[in-house]
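entry.txt, holding compact mmCIF, C-alpha atoms and all ligand atoms:
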```txt
# COMPACT_ATOMS: atom_id res chain seq x y z
CA MET A 1098 -14.61 -21.33 6.94
CA ARG A 1099 -12.28 -18.59 5.65
CA ILE A 1100 -12.30 -17.72 1.96
CA TRP A 1101 -9.29 -16.79 -0.17
CA ASN A 1102 -9.75 -13.03 -0.26
CA PHE A 1103 -8.07 -11.39 -3.26
CA GLY A 1104 -9.64 -7.98 -2.57
CA ALA A 1105 -7.42 -4.94 -3.06
CA GLY A 1106 -8.44 -3.26 0.17
CA PRO A 1107 -9.65 -3.45 2.81
CA ALA A 1108 -7.76 -6.65 2.28
CA MET A 1109 -7.02 -9.99 3.85
CA LEU A 1110 -5.28 -9.92 7.23
CA PRO A 1111 -3.24 -12.77 8.71
CA PRO A 1112 -5.69 -15.17 10.45
CA GLU A 1113 -3.19 -15.43 13.35
CA VAL A 1114 -3.48 -11.68 13.90
CA LEU A 1115 -7.28 -11.76 13.84
CA ALA A 1116 -7.37 -14.71 16.23
CA ARG A 1117 -5.01 -12.94 18.63
CA ALA A 1118 -7.16 -9.80 18.54
CA GLN A 1119 -10.23 -11.94 19.16
CA SER A 1120 -8.66 -13.66 22.14
CA GLU A 1121 -7.73 -10.30 23.66
CA LEU A 1122 -10.83 -8.41 22.60
CA VAL A 1123 -13.07 -8.45 25.65
CA ASN A 1124 -10.40 -8.35 28.33
CA TRP A 1125 -7.03 -7.07 27.11
CA HIS A 1126 -4.15 -8.63 29.05
CA GLY A 1127 -6.26 -8.89 32.20
CA ALA A 1128 -6.95 -5.16 32.28
CA GLY A 1129 -10.69 -5.89 32.55
CA LEU A 1130 -11.64 -3.95 29.41
CA SER A 1131 -10.97 -3.90 25.68
CA ILE A 1132 -8.46 -1.74 23.83
CA MET A 1133 -11.40 0.20 22.34
CA GLU A 1134 -12.59 1.25 25.78
CA MET A 1135 -9.27 2.45 27.16
CA SER A 1136 -7.98 5.96 27.52
CA HIS A 1137 -5.44 6.70 24.83
CA ARG A 1138 -3.40 8.45 27.53
CA GLY A 1139 -3.36 5.53 29.96
CA LYS A 1140 -0.25 3.43 30.44
CA GLU A 1141 -1.83 0.36 28.80
CA PHE A 1142 -2.55 2.03 25.49
CA ILE A 1143 0.70 4.01 25.55
CA SER A 1144 2.52 0.67 25.80
CA VAL A 1145 0.56 -0.62 22.79
CA ALA A 1146 1.34 2.49 20.69
CA THR A 1147 5.00 2.46 21.70
CA ALA A 1148 5.34 -1.22 20.80
CA ALA A 1149 3.63 -0.63 17.43
CA GLU A 1150 6.07 2.14 16.55
CA ALA A 1151 9.03 0.05 17.71
CA GLY A 1152 7.84 -2.88 15.60
CA LEU A 1153 7.55 -0.74 12.48
CA ARG A 1154 10.94 0.86 13.11
CA LYS A 1155 12.54 -2.55 13.43
CA LEU A 1156 10.87 -4.00 10.32
CA LEU A 1157 11.81 -1.07 8.08
CA ALA A 1158 15.12 -0.29 9.87
CA ILE A 1159 13.94 3.32 10.13
CA PRO A 1160 16.89 5.63 10.87
CA GLY A 1161 16.83 7.69 14.08
CA ASN A 1162 16.37 10.99 12.22
CA TYR A 1163 12.91 9.97 11.00
CA LYS A 1164 9.62 10.44 12.85
CA VAL A 1165 6.86 7.84 12.65
CA LEU A 1166 3.29 9.16 12.74
CA PHE A 1167 0.03 7.22 13.09
CA LEU A 1168 -2.67 9.44 11.58
CA GLN A 1169 -6.26 9.31 10.37
CA GLY A 1170 -7.94 10.03 7.06
CA GLY A 1171 -6.20 7.24 5.16
CA ALA A 1172 -3.71 7.85 2.40
CA THR A 1173 -6.11 10.30 0.76
CA ALA A 1174 -5.78 12.81 3.60
CA GLN A 1175 -2.01 12.68 3.06
CA PHE A 1176 -2.51 13.67 -0.61
CA ALA A 1177 -3.40 17.12 0.82
CA ALA A 1178 -1.14 16.99 3.88
CA ILE A 1179 1.99 16.38 1.78
CA PRO A 1180 1.95 19.75 -0.02
CA MET A 1181 0.63 21.58 3.06
CA ASN A 1182 3.58 20.31 5.11
CA LEU A 1183 6.37 20.14 2.57
CA LEU A 1184 6.22 23.27 0.42
CA ARG A 1185 8.65 25.04 2.79
CA GLY A 1186 8.26 28.39 1.05
CA LYS A 1187 8.43 26.90 -2.45
CA ARG A 1188 5.59 26.91 -4.95
CA ALA A 1189 6.31 24.04 -7.35
CA THR A 1190 6.23 20.27 -6.84
CA ASP A 1191 6.91 17.37 -9.20
CA TYR A 1192 4.63 14.38 -9.63
CA VAL A 1193 5.33 11.21 -11.59
CA LEU A 1194 2.11 9.65 -12.89
CA THR A 1195 1.94 5.88 -13.18
CA GLY A 1196 -1.77 5.23 -12.57
CA GLU A 1197 -4.92 6.19 -10.71
CA TRP A 1198 -3.38 6.81 -7.30
CA SER A 1199 -0.53 9.03 -8.41
CA ARG A 1200 -3.08 10.90 -10.53
CA LYS A 1201 -5.33 11.46 -7.52
CA ALA A 1202 -2.39 12.61 -5.40
CA HIS A 1203 -1.37 15.04 -8.14
CA ALA A 1204 -4.90 16.43 -8.54
CA GLU A 1205 -5.23 17.04 -4.81
CA ALA A 1206 -1.83 18.73 -4.58
CA GLY A 1207 -2.94 21.11 -7.33
CA LYS A 1208 -5.19 22.82 -4.78
CA TYR A 1209 -2.17 23.94 -2.77
CA CYS A 1210 0.74 24.40 -5.17
CA GLN A 1211 1.92 24.36 -8.72
CA ALA A 1212 1.87 20.58 -9.12
CA LYS A 1213 3.89 19.72 -12.23
CA VAL A 1214 3.94 16.41 -14.06
CA ALA A 1215 7.59 15.38 -14.26
CA ALA A 1216 6.80 12.17 -16.14
CA SER A 1217 3.76 10.09 -17.01
CA SER A 1218 2.95 6.78 -18.65
CA LYS A 1219 -0.60 7.90 -19.45
CA GLU A 1220 0.03 7.58 -23.20
CA THR A 1221 0.59 3.85 -22.83
CA ARG A 1222 -2.40 3.51 -20.47
CA PHE A 1223 -0.25 3.47 -17.36
CA ASP A 1224 1.32 0.13 -18.23
CA ARG A 1225 4.79 1.01 -16.89
CA VAL A 1226 7.00 3.30 -14.83
CA PRO A 1227 8.46 6.01 -17.11
CA PRO A 1228 12.24 5.42 -17.38
CA PRO A 1229 14.34 7.90 -15.37
CA ALA A 1230 15.82 9.36 -18.57
CA ASP A 1231 12.34 10.68 -19.44
CA TRP A 1232 11.75 12.44 -16.10
CA LYS A 1233 11.81 16.23 -16.37
CA LEU A 1234 12.52 17.20 -12.78
CA SER A 1235 12.39 20.88 -11.84
CA PRO A 1236 15.27 22.04 -9.65
CA ASP A 1237 12.91 24.40 -7.79
CA ALA A 1238 10.45 21.66 -6.78
CA ALA A 1239 9.74 21.27 -3.06
CA TYR A 1240 9.61 17.49 -3.51
CA VAL A 1241 9.11 14.72 -6.05
CA HIS A 1242 6.07 12.50 -5.46
CA VAL A 1243 5.74 8.92 -6.67
CA CYS A 1244 3.30 6.09 -6.00
CA THR A 1245 5.62 3.10 -5.70
CA ASN A 1246 2.85 0.54 -6.20
CA GLU A 1247 -0.23 1.36 -8.24
CA THR A 1248 -2.90 -0.79 -6.65
CA ILE A 1249 -5.35 -0.51 -9.55
CA GLY A 1250 -3.03 -0.81 -12.54
CA GLY A 1251 -0.59 -3.26 -10.96
CA VAL A 1252 2.55 -1.20 -11.68
CA GLU A 1253 5.38 -1.27 -9.13
CA TYR A 1254 8.76 0.44 -8.84
CA HIS A 1255 11.48 -2.15 -8.35
CA TRP A 1256 14.07 0.61 -7.93
CA VAL A 1257 14.35 3.85 -5.98
CA PRO A 1258 14.37 7.07 -8.04
CA ASP A 1259 17.33 9.40 -7.56
CA THR A 1260 16.03 12.94 -7.05
CA GLY A 1261 19.27 14.44 -5.77
CA GLU A 1262 18.75 17.10 -3.12
CA VAL A 1263 15.00 17.27 -3.71
CA PRO A 1264 13.13 15.10 -1.17
CA LEU A 1265 11.46 12.00 -2.58
CA VAL A 1266 7.91 11.39 -1.29
CA ALA A 1267 6.32 7.98 -1.80
CA ASP A 1268 2.81 6.63 -1.45
CA MET A 1269 3.58 3.01 -0.50
CA SER A 1270 0.04 2.14 0.62
CA SER A 1271 -0.25 -1.14 -1.22
CA HIS A 1272 3.27 -2.59 -0.94
CA ILE A 1273 4.70 -1.27 2.30
CA LEU A 1274 6.25 -4.13 4.33
CA SER A 1275 6.22 -6.46 1.31
CA ARG A 1276 10.00 -6.04 0.87
CA PRO A 1277 12.89 -4.25 2.57
CA VAL A 1278 13.26 -0.57 1.64
CA ASP A 1279 16.11 1.88 2.21
CA VAL A 1280 14.17 4.52 4.12
CA SER A 1281 17.11 6.94 4.00
CA ARG A 1282 16.47 7.44 0.27
CA PHE A 1283 13.10 9.04 1.02
CA GLY A 1284 11.99 12.32 2.56
CA VAL A 1285 8.54 10.96 3.35
CA ILE A 1286 6.97 7.51 3.06
CA TYR A 1287 3.25 7.22 3.70
CA ALA A 1288 0.68 4.46 3.52
CA GLY A 1289 -2.94 3.74 4.29
CA ALA A 1290 -3.15 0.67 6.51
CA GLN A 1291 -5.90 -1.37 4.89
CA LYS A 1292 -3.78 -3.12 2.24
CA ASN A 1293 -0.88 -4.65 4.13
CA ILE A 1294 -1.18 -3.56 7.76
CA GLY A 1295 -4.61 -3.41 9.42
CA PRO A 1296 -7.94 -1.59 9.57
CA ALA A 1297 -8.90 1.17 7.11
CA GLY A 1298 -8.70 4.76 8.31
CA LEU A 1299 -5.21 4.56 9.79
CA ALA A 1300 -2.36 6.11 7.82
CA ILE A 1301 1.32 5.76 8.62
CA VAL A 1302 3.73 8.58 7.80
CA VAL A 1303 7.51 8.24 8.08
CA ILE A 1304 9.16 11.64 7.71
CA ARG A 1305 12.74 12.91 7.85
CA GLU A 1306 13.00 15.37 10.73
CA ASP A 1307 14.57 18.22 8.77
CA LEU A 1308 11.38 18.44 6.68
CA LEU A 1309 9.28 19.29 9.71
CA GLY A 1310 8.54 22.78 10.99
CA ALA A 1311 7.28 24.58 7.89
CA ALA A 1312 3.62 23.65 7.40
CA LEU A 1313 1.40 26.21 5.68
CA PRO A 1314 -0.35 28.33 8.33
CA ALA A 1315 -3.79 27.09 7.26
CA THR A 1316 -2.86 23.42 7.71
CA PRO A 1317 -5.45 21.66 9.91
CA SER A 1318 -3.74 20.72 13.15
CA VAL A 1319 -4.51 17.02 12.77
CA LEU A 1320 -2.74 17.03 9.40
CA ASP A 1321 0.20 19.11 10.59
CA TYR A 1322 3.07 16.64 10.74
CA THR A 1323 5.10 18.88 13.05
CA GLN A 1324 2.31 19.20 15.59
CA GLN A 1325 1.54 15.49 15.38
CA ALA A 1326 5.23 14.59 15.79
CA GLY A 1327 5.40 16.83 18.86
CA ALA A 1328 2.32 15.16 20.32
CA GLU A 1329 3.39 11.53 19.60
CA SER A 1330 0.49 11.32 17.09
CA MET A 1331 -1.96 12.10 19.91
CA LEU A 1332 -2.92 15.65 19.14
CA ASN A 1333 -6.45 14.30 19.36
CA THR A 1334 -7.78 10.81 20.09
CA PRO A 1335 -5.89 8.45 17.79
CA PRO A 1336 -7.56 5.44 16.09
CA THR A 1337 -6.60 3.25 19.02
CA PHE A 1338 -7.92 -0.08 17.82
CA ALA A 1339 -6.32 0.34 14.40
CA VAL A 1340 -2.96 1.17 15.97
CA TYR A 1341 -3.26 -1.90 18.20
CA LEU A 1342 -4.07 -4.16 15.26
CA ALA A 1343 -1.23 -2.70 13.17
CA GLY A 1344 1.08 -3.51 16.08
CA LEU A 1345 -0.10 -7.13 16.03
CA THR A 1346 0.63 -7.32 12.29
CA PHE A 1347 4.13 -5.93 12.88
CA GLU A 1348 4.70 -8.60 15.55
CA TRP A 1349 3.49 -11.27 13.14
CA LEU A 1350 5.91 -10.04 10.45
CA LEU A 1351 8.82 -9.94 12.89
CA ALA A 1352 8.03 -13.48 14.08
CA LYS A 1353 8.06 -14.66 10.47
CA GLY A 1354 11.59 -13.33 10.10
CA GLY A 1355 11.02 -9.79 8.83
CA LEU A 1356 10.91 -8.24 5.38
CA GLU A 1357 13.61 -10.33 3.66
CA VAL A 1358 11.48 -13.39 4.38
CA MET A 1359 8.33 -11.59 3.20
CA GLU A 1360 10.05 -10.54 0.01
CA ARG A 1361 11.07 -14.13 -0.77
CA GLU A 1362 7.50 -15.31 -0.19
CA ASN A 1363 6.04 -12.47 -2.25
CA VAL A 1364 8.42 -13.12 -5.15
CA ALA A 1365 7.48 -16.81 -5.09
CA LYS A 1366 3.76 -16.00 -5.10
CA ALA A 1367 3.98 -13.39 -7.86
CA THR A 1368 6.24 -15.60 -10.01
CA LEU A 1369 3.78 -18.48 -9.75
CA LEU A 1370 0.91 -16.31 -10.96
CA TYR A 1371 2.73 -14.33 -13.68
CA ASP A 1372 4.43 -17.46 -15.07
CA PHE A 1373 1.03 -19.03 -15.43
CA LEU A 1374 -0.46 -15.91 -17.08
CA ASP A 1375 2.46 -15.67 -19.52
CA GLY A 1376 2.33 -19.35 -20.45
CA GLN A 1377 -1.08 -19.34 -22.16
CA ASP A 1378 -3.27 -16.97 -24.16
CA PHE A 1379 -6.69 -17.21 -22.52
CA TYR A 1380 -5.70 -14.60 -19.90
CA SER A 1381 -3.43 -11.57 -20.31
CA ASN A 1382 -1.70 -8.98 -18.12
CA PRO A 1383 -1.06 -5.57 -19.72
CA VAL A 1384 1.89 -4.38 -17.61
CA ALA A 1385 5.50 -4.17 -18.85
CA PRO A 1386 7.19 -7.23 -17.27
CA ALA A 1387 9.92 -5.17 -15.54
CA ASP A 1388 7.31 -3.03 -13.74
CA ARG A 1389 4.78 -5.66 -12.70
CA SER A 1390 3.47 -5.48 -9.17
CA ARG A 1391 4.10 -8.34 -6.77
CA MET A 1392 1.01 -7.29 -4.82
CA ASN A 1393 -1.72 -6.48 -7.36
CA VAL A 1394 -2.04 -8.58 -10.50
CA PRO A 1395 -4.63 -7.33 -13.01
CA PHE A 1396 -5.59 -9.68 -15.82
CA ARG A 1397 -8.19 -10.00 -18.55
CA LEU A 1398 -10.02 -12.93 -20.03
CA LYS A 1399 -9.78 -13.03 -23.82
CA ASP A 1400 -13.57 -12.90 -24.11
CA GLU A 1401 -15.16 -10.51 -21.63
CA ARG A 1402 -18.51 -12.29 -21.94
CA LEU A 1403 -16.87 -14.92 -19.76
CA ASP A 1404 -16.20 -12.42 -16.95
CA ALA A 1405 -19.50 -13.01 -15.15
CA PRO A 1406 -19.33 -16.84 -15.20
CA PHE A 1407 -15.66 -16.62 -14.22
CA LEU A 1408 -16.44 -14.55 -11.13
CA GLU A 1409 -19.40 -16.74 -10.22
CA GLU A 1410 -17.39 -19.95 -10.41
CA ALA A 1411 -14.46 -18.41 -8.56
CA GLU A 1412 -16.75 -17.30 -5.75
CA ALA A 1413 -18.27 -20.79 -5.53
CA ARG A 1414 -14.74 -22.15 -5.03
CA GLY A 1415 -13.99 -19.72 -2.24
CA LEU A 1416 -11.86 -17.41 -4.42
CA SER A 1417 -13.28 -14.02 -3.60
CA GLN A 1418 -13.11 -10.39 -4.79
CA LEU A 1419 -11.33 -11.06 -8.08
CA LYS A 1420 -13.28 -8.42 -9.98
CA GLY A 1421 -11.03 -5.67 -11.33
CA HIS A 1422 -11.37 -2.03 -10.33
CA ARG A 1423 -14.41 -0.37 -11.91
CA SER A 1424 -12.16 2.11 -13.77
CA VAL A 1425 -10.28 -0.59 -15.70
CA GLY A 1426 -12.56 -3.66 -15.74
CA GLY A 1427 -11.27 -7.20 -16.08
CA MET A 1428 -9.91 -9.03 -13.07
CA ARG A 1429 -7.39 -8.32 -10.36
CA ALA A 1430 -5.81 -10.63 -7.80
CA SER A 1431 -4.31 -8.83 -4.81
CA ILE A 1432 -1.78 -11.06 -3.08
CA TYR A 1433 -0.55 -9.08 -0.09
CA ASN A 1434 1.61 -10.37 2.76
CA ALA A 1435 -1.32 -12.13 4.41
CA MET A 1436 -2.09 -14.28 1.33
CA PRO A 1437 -0.22 -17.59 1.61
CA ILE A 1438 1.16 -19.32 -1.47
CA ASP A 1439 -1.55 -21.97 -1.11
CA GLY A 1440 -4.10 -19.27 -1.96
CA VAL A 1441 -2.19 -18.40 -5.13
CA ARG A 1442 -1.95 -22.11 -6.01
CA ALA A 1443 -5.72 -22.43 -5.58
CA LEU A 1444 -6.18 -19.43 -7.89
CA VAL A 1445 -3.81 -20.78 -10.57
CA ASP A 1446 -5.52 -24.20 -10.46
CA PHE A 1447 -8.87 -22.51 -10.97
CA LEU A 1448 -7.55 -20.30 -13.80
CA ALA A 1449 -6.20 -23.37 -15.59
CA ASP A 1450 -9.36 -25.35 -15.06
CA PHE A 1451 -11.67 -22.53 -16.19
CA SER A 1452 -9.67 -21.88 -19.35
CA ARG A 1453 -9.66 -25.61 -20.23
CA ARG A 1454 -13.43 -25.66 -20.03
CA HIS A 1455 -14.07 -22.34 -21.79
CA GLY A 1456 -11.01 -21.92 -24.06
C1 LIG A 1501 -5.90 2.47 -1.29
C2 LIG A 1501 -4.90 3.46 -1.72
C3 LIG A 1501 -5.03 4.84 -1.43
C4 LIG A 1501 -6.25 5.41 -0.73
O1 LIG A 1501 -6.35 4.99 0.56
P1 LIG A 1501 -7.55 5.57 1.49
O2 LIG A 1501 -7.26 4.93 2.79
O3 LIG A 1501 -8.82 5.10 0.87
O4 LIG A 1501 -7.42 7.03 1.52
C5 LIG A 1501 -4.04 5.68 -1.85
N1 LIG A 1501 -2.95 5.22 -2.50
C6 LIG A 1501 -2.80 3.93 -2.79
C7 LIG A 1501 -1.58 3.47 -3.52
C8 LIG A 1501 -3.76 3.00 -2.42
O5 LIG A 1501 -3.61 1.69 -2.70
```

Could you show the structure in this file as structure tokens?
Ligand SMILES: *Cc1c(COP(=O)(O)O)cnc(C)c1O
Amino acid sequence: MRIWNFGAGPAMLPPEVLARAQSELVNWHGAGLSIMEMSHRGKEFISVATAAEAGLRKLLAIPGNYKVLFLQGGATAQFAAIPMNLLRGKRATDYVLTGEWSRKAHAEAGKYCQAKVAASSKETRFDRVPPPADWKLSPDAAYVHVCTNETIGGVEYHWVPDTGEVPLVADMSSHILSRPVDVSRFGVIYAGAQKNIGPAGLAIVVIREDLLGAALPATPSVLDYTQQAGAESMLNTPPTFAVYLAGLTFEWLLAKGGLEVMERENVAKATLLYDFLDGQDFYSNPVAPADRSRMNVPFRLKDERLDAPFLEEAEARGLSQLKGHRSVGGMRASIYNAMPIDGVRALVDFLADFSRRHG
């Protein structure tokens, strides 16, 4: 029996996608071997990689002047690759800090450039996105970096920042494909796969072509976006199985009707959970309502001595991985694309029942 998996990542994948992978695992499409055993340069795998890219392009309506890269090292490798590829002769970059992930990206960039903090909500414990009026953008910055969904703190941008001529770079790891996005507003979008796409280790980078061609000379080849774009992301052996599985997830999303449909489902799921949390005082969510994440919902019990029994009972009911990130404590429910509304209903029923018995 499958559990309801509220883990933040590696996270739940659509059961249909897993079943399809299982049915094709040993003998892919009659080829007599599995995807994992194939040459990445053979026509079978090339067709898989091409279809995966086409699926992503269709879902996000990626304009023709953007390259799509399938890389390794997760989102964390991109924290370093972004400055190495995008400085383009400049020294300064701007980072907006809204939580743990934007902080980590900023710290890593500091090894390669003068990484400035253009805005931060640290003073209010990262409970919001700083309003645009408070952003101090430097005109000489090579780019502006944001994390559009903070997986740990549960803070999400529901708008696209306007950075003028300076390219906007976004870590979308934990909400990519949860809603439509106007890719043309961004210079680079990147995401680790293990939240909303597929297996950990794979990272997707969508980059505007005019930003290519100026990587720092010391950039490792595998992290050089220009070299990878020129080699169709096959400068070395790509993570073939992860690319295949991502492609199956893209097919699943397209069959469901694409990102408008996903957004409606995700709004319904998030509204159900937040309305419940706001309607009582046993549990609380610390995030400013306008900036709450539809994907990651942190919450606290009013008495933390109840945390352990809460988690134990939840687990016994098949509601798994609700423990909050070790840096913030409390609870967190991650409700990515793969989580159906029935899972959120089961969670809300349990929350109500537990608070009745312990309130
Ligand atoms: C999970 C996550 C990362 C790190 O991903 P890795 O694959 O572990 O490198 C970075 N940014 C965000 C927003 C994340 O959710």

Checklist entry - Within 12 Å of (13.4, -1.1, -6.1), only C-alpha atoms: residues as a list in words? => result Val1226, Thr1245, Asn1246, Glu1253, Tyr1254, His1255, Trp1256, Val1257, Pro1258, Asp1259, His1272, Ser1275, Arg1276, Pro1277, Val1278, Asp1279, Val1280, Arg1282, Glu1360, Ala1387, Asp1388, Arg1389, Ser1390 and Arg1391 of chain A

Taking only C-alpha atoms and all ligand atoms into account, which residues are within 8 Å of ligand LIG 1501 (chain A), as a PDB file with C-alpha atoms, in the frame of the given file?
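That gives us result36.pdb:
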```pdb
ATOM      1  CA  ALA A1105      -7.420  -4.940  -3.060  1.00  0.00           C
ATOM      2  CA  GLY A1106      -8.440  -3.260   0.170  1.00  0.00           C
ATOM      3  CA  GLY A1170      -7.940  10.030   7.060  1.00  0.00           C
ATOM      4  CA  GLY A1171      -6.200   7.240   5.160  1.00  0.00           C
ATOM      5  CA  ALA A1172      -3.710   7.850   2.400  1.00  0.00           C
ATOM      6  CA  THR A1173      -6.110  10.300   0.760  1.00  0.00           C
ATOM      7  CA  ALA A1174      -5.780  12.810   3.600  1.00  0.00           C
ATOM      8  CA  GLN A1175      -2.010  12.680   3.060  1.00  0.00           C
ATOM      9  CA  TRP A1198      -3.380   6.810  -7.300  1.00  0.00           C
ATOM     10  CA  SER A1199      -0.530   9.030  -8.410  1.00  0.00           C
ATOM     11  CA  ALA A1202      -2.390  12.610  -5.400  1.00  0.00           C
ATOM     12  CA  CYS A1244       3.300   6.090  -6.000  1.00  0.00           C
ATOM     13  CA  THR A1245       5.620   3.100  -5.700  1.00  0.00           C
ATOM     14  CA  ASN A1246       2.850   0.540  -6.200  1.00  0.00           C
ATOM     15  CA  GLU A1247      -0.230   1.360  -8.240  1.00  0.00           C
ATOM     16  CA  THR A1248      -2.900  -0.790  -6.650  1.00  0.00           C
ATOM     17  CA  ILE A1249      -5.350  -0.510  -9.550  1.00  0.00           C
ATOM     18  CA  ASP A1268       2.810   6.630  -1.450  1.00  0.00           C
ATOM     19  CA  MET A1269       3.580   3.010  -0.500  1.00  0.00           C
ATOM     20  CA  SER A1270       0.040   2.140   0.620  1.00  0.00           C
ATOM     21  CA  SER A1271      -0.250  -1.140  -1.220  1.00  0.00           C
ATOM     22  CA  ALA A1288       0.680   4.460   3.520  1.00  0.00           C
ATOM     23  CA  GLY A1289      -2.940   3.740   4.290  1.00  0.00           C
ATOM     24  CA  ALA A1290      -3.150   0.670   6.510  1.00  0.00           C
ATOM     25  CA  GLN A1291      -5.900  -1.370   4.890  1.00  0.00           C
ATOM     26  CA  LYS A1292      -3.780  -3.120   2.240  1.00  0.00           C
ATOM     27  CA  ALA A1297      -8.900   1.170   7.110  1.00  0.00           C
ATOM     28  CA  GLY A1298      -8.700   4.760   8.310  1.00  0.00           C
ATOM     29  CA  LEU A1299      -5.210   4.560   9.790  1.00  0.00           C
ATOM     30  CA  ALA A1300      -2.360   6.110   7.820  1.00  0.00           C
TER      31      ALA A1300
END
```

Item to check | Counting only C-alpha atoms, the residue of A:Pro1107, A:Ala1443, A:Ala1149, A:Gly1139 that sits nearest Tyr1341 (chain A) | outcome: A:Ala1149

Item to check | Selected residue of minimal separation from Ile1132 (chain A) among A:Met1392, A:Leu1370, A:Met1436, A:Val1340, counting all atoms listed in the file | outcome: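 Smallest separation from Ile1132 (chain A) among the options: A:Val1340.
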
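With all atoms listed in the file as the atoms that count, the minimum distance from Ala1216 (chain A) to the choices A:Leu1374, A:Ala1204, A:Val1241, A:Ala1328 is reached by A:Val1241.
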
Item to check | Computed interatomic separation between CA of Ile1100 (chain A) and CA of Ala1413 (chain A) (Å) | outcome: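 Between these atoms lies a distance of 10.1 Å.
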
Item to check | Non-local contacts of Ala1385 (chain A) (12 Å; all atoms listed in the file; under 4 positions in same chain excluded) as a list in words | outcome: Ser1218, Thr1221, Arg1222, Phe1223, Asp1224, Arg1225, Val1226, Pro1227, Pro1228, Gly1250, Gly1251, Val1252, Glu1253, Tyr1254, Tyr1371, Asp1375, Ser1381, Arg1389 and Ser1390 of chain A

Next on the checklist: One number please: CA of Asp1439 (chain A) to CA of Lys1399 (chain A), in Å, one decimal.
Outcome noted: 25.8 Å

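For the pair CA of Ala1315 (chain A) and CA of Thr1190 (chain A), the separation is 18.6 Å.
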
Export all heavy atoms of region 1203-1207 of chain A from the structure just given, as an mmCIF file, in the first residue's frame?
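Saved file selection08.cif follows:
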```
data_model
loop_
_atom_site.group_PDB
_atom_site.id
_atom_site.type_symbol
_atom_site.label_atom_id
_atom_site.label_comp_id
_atom_site.auth_asym_id
_atom_site.auth_seq_id
_atom_site.Cartn_x
_atom_site.Cartn_y
_atom_site.Cartn_z
ATOM 1 N N HIS A 1203 23.378 32.496 -2.197
ATOM 2 C CA HIS A 1203 24.149 33.734 -2.011
ATOM 3 C C HIS A 1203 25.541 33.426 -1.442
ATOM 4 O O HIS A 1203 26.553 33.945 -1.910
ATOM 5 C CB HIS A 1203 23.370 34.667 -1.082
ATOM 6 C CG HIS A 1203 24.131 35.873 -0.658
ATOM 7 N ND1 HIS A 1203 24.595 36.054 0.626
ATOM 8 C CD2 HIS A 1203 24.542 36.949 -1.373
ATOM 9 C CE1 HIS A 1203 25.253 37.201 0.692
ATOM 10 N NE2 HIS A 1203 25.237 37.768 -0.501
ATOM 11 N N ALA A 1204 25.594 32.540 -0.455
ATOM 12 C CA ALA A 1204 26.881 32.197 0.163
ATOM 13 C C ALA A 1204 27.818 31.552 -0.861
ATOM 14 O O ALA A 1204 29.008 31.870 -0.927
ATOM 15 C CB ALA A 1204 26.663 31.256 1.349
ATOM 16 N N GLU A 1205 27.284 30.687 -1.679
ATOM 17 C CA GLU A 1205 28.115 30.010 -2.682
ATOM 18 C C GLU A 1205 28.616 31.019 -3.720
ATOM 19 O O GLU A 1205 29.787 30.982 -4.123
ATOM 20 C CB GLU A 1205 27.310 28.894 -3.362
ATOM 21 C CG GLU A 1205 28.096 28.025 -4.318
ATOM 22 C CD GLU A 1205 29.022 27.020 -3.628
ATOM 23 O OE1 GLU A 1205 29.042 26.947 -2.382
ATOM 24 O OE2 GLU A 1205 29.746 26.300 -4.354
ATOM 25 N N ALA A 1206 27.749 31.912 -4.143
ATOM 26 C CA ALA A 1206 28.137 32.900 -5.162
ATOM 27 C C ALA A 1206 29.274 33.781 -4.650
ATOM 28 O O ALA A 1206 30.115 34.239 -5.432
ATOM 29 C CB ALA A 1206 26.930 33.755 -5.557
ATOM 30 N N GLY A 1207 29.295 33.988 -3.321
ATOM 31 C CA GLY A 1207 30.335 34.830 -2.730
ATOM 32 C C GLY A 1207 31.747 34.333 -2.980
ATOM 33 O O GLY A 1207 32.713 35.075 -2.846
#
```
